[in-house]
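The block underneath contains the structure these notes are about, expressed in structure tokens.
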Amino acid sequence: MIDVQLLATDLSSAACEAFVRSDAAGGVVVFVGNVRNQTQQKKVLRLHFEAYRPMAISEMQKIAYRAVADFGALKVAIHHREGTLQVGQTAVVIAVAAPHRKAAFDACAFAIDTLKETVPIWKKEYFEDGQVWVAAHP
Amino acid sequence: MIDVQLLATDLSSAACEAFVRSDAAGGVVVFVGNVRNQTQQKKVLRLHFEAYRPMAISEMQKIAYRAVADFGALKVAIHHREGTLQVGQTAVVIAVAAPHRKAAFDACAFAIDTLKETVPIWKKEYFEDGQVWVAAHP
Amino acid sequence: MRIKVIAFGISRDILGDFNNQIDLNEPATVADLKQLLLQRFPDFCKLTSLRFALNGEYADDADALAERDEIVLIPPVSGG
Amino acid sequence: MRIKVIAFGISRDILGDFNNQIDLNEPATVADLKQLLLQRFPDFCKLTSLRFALNGEYADDADALAERDEIVLIPPVSGG
């Protein structure tokens, strides 16, 4: 019912969408988070994700199960990258299938919102003049 | 900026996602609508879409432009099927890219909600014991 | 004035083997056409809605009709 | 009681070449550990938040610590 992975290789939104497909699912919503070329008007060169692996995976699994239990999702895939990413590369893919589209939209938005709050993964952004751990300081 | 198509052949969510990708887009949301195996507890065998083609395309273009103008989307792809579809096949794909995820979610949900209200495409569902034009009657 | 209406989905079923030519007194509006259709084909009354497109755009009831317009009956849509 | 803390992201930078071993009087809670860390490494006070994980789950301030626990500092996360 759920497929959660923390990967050091390129993510595939097609694989996530294929996992959640079923004949009972009328609506599939896929969120793809990519590395932007800038953040607050500063040019981003690349970024690096580091994760507390076992807990990152267990927290993503909790999110996926809540998408099923609380939102009525049928299947959920969450794939997150670790390691170094270039601009344009995919950092996260979340695919949610549900009988109807509203549940799929709500569950997918819930999943990415919660992932950004609870999953122990840290992003360091590299600029031309330095680097910063994202969100560390107010 | 937009890619709107009404197709008699299999839809590709990968093609829609690839169209909307850009280095400035941090969030991509893709909605995939598939043919369910049942509707209101009745087993669906297949369905058939018919469209008033020129207006269906122009109404989908309006939706895509509004996703850009009103929701801040950077790029939008809307591909819709016509003809006969089997259970599990894809009826519609909507991909929206935006700098941030909330705009991408809101624009994608707006697009599919509005498509279902305004685009002149009609769906006939085939059951074991008959067929019906969907939504025609209260 | 003779008007030709194009029908899709259930509206084509309701018109049946009707030749889709309708005679209206000039000047005529979308509302006049709608009234005539509902009288001659009462099954249209059972639909959730019935809209009209004039030359590829949704029409208002007050829009005037002309002989060469492309007039399309739009029963409830169900794409997606 | 000697506790070993594991640090990720900016919390590893803040601890620097510190050996990550911390001595606490028993019984000790997450709140005690947090207080000690904030005193010895004031840069933690500048963070938006600092949470702790105990054996792979988020811990509450009142949770008791034991020597063999896996204690991980969780500065503001930024996945996705």
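Please note that chains go A, B, ... in the order of the structure tokens, that every chain numbers its residues from 1, and that ligands are numbered from 1 in the order shown.
The residues of chain C that DSSP assigns to strand (DSSP E) on this backbone come out as Arg2, Ile3, Lys4, Val5, Ile6, Ala7, Gln21, Ile22, Asp23, Ala28, Thr29, Arg51, Phe52, Ala53, Leu54, Glu57, Tyr58, Ala64, Leu65, Ile71, Val72, Leu73 and Ile74 of chain C.
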- Task: Please identify every residue of chain A that has at least one atom no more than 12 Å from any atom of chain D, counting only C-alpha atoms, and report them as JSON, numbers by chain.
- Result: {"A": [6, 31, 32, 33, 34, 35, 36, 47, 48, 49, 50, 51, 52, 53, 54, 55, 56, 57, 58, 59, 60, 62, 78, 79, 80, 81, 82, 83, 90, 91, 92, 93, 94, 111, 112, 113, 114, 115, 116, 117, 118, 119, 120, 121, 122, 123, 124, 125, 131, 132, 133, 134, 135, 136, 137, 138]}
- Message: Distance limit 8 Å, atoms considered: only C-alpha atoms. Which chain A residues sit that close to chain B? Return them as a ChimeraX atom specification.
- Response: /A:14,21-38,87-88,99,101,105,109
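Atom CA of Leu65 of chain D to atom CA of Arg12 of chain D spans 20.6 Å [interatomic distance, one decimal].
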- Item | Near-Gln35 of chain D list (12 Å; only C-alpha atoms; drop same-chain fewer than 4 positions) as a PyMOL selection string | chain D and resi 22+24+28-31+39-42+44-45+50+61
- List every residue of chain A that DSSP, applied to the backbone, labels as helix (DSSP H, G or I), and write the result as an NGL selection string. :A and (13-20 or 53-71 or 101-118)
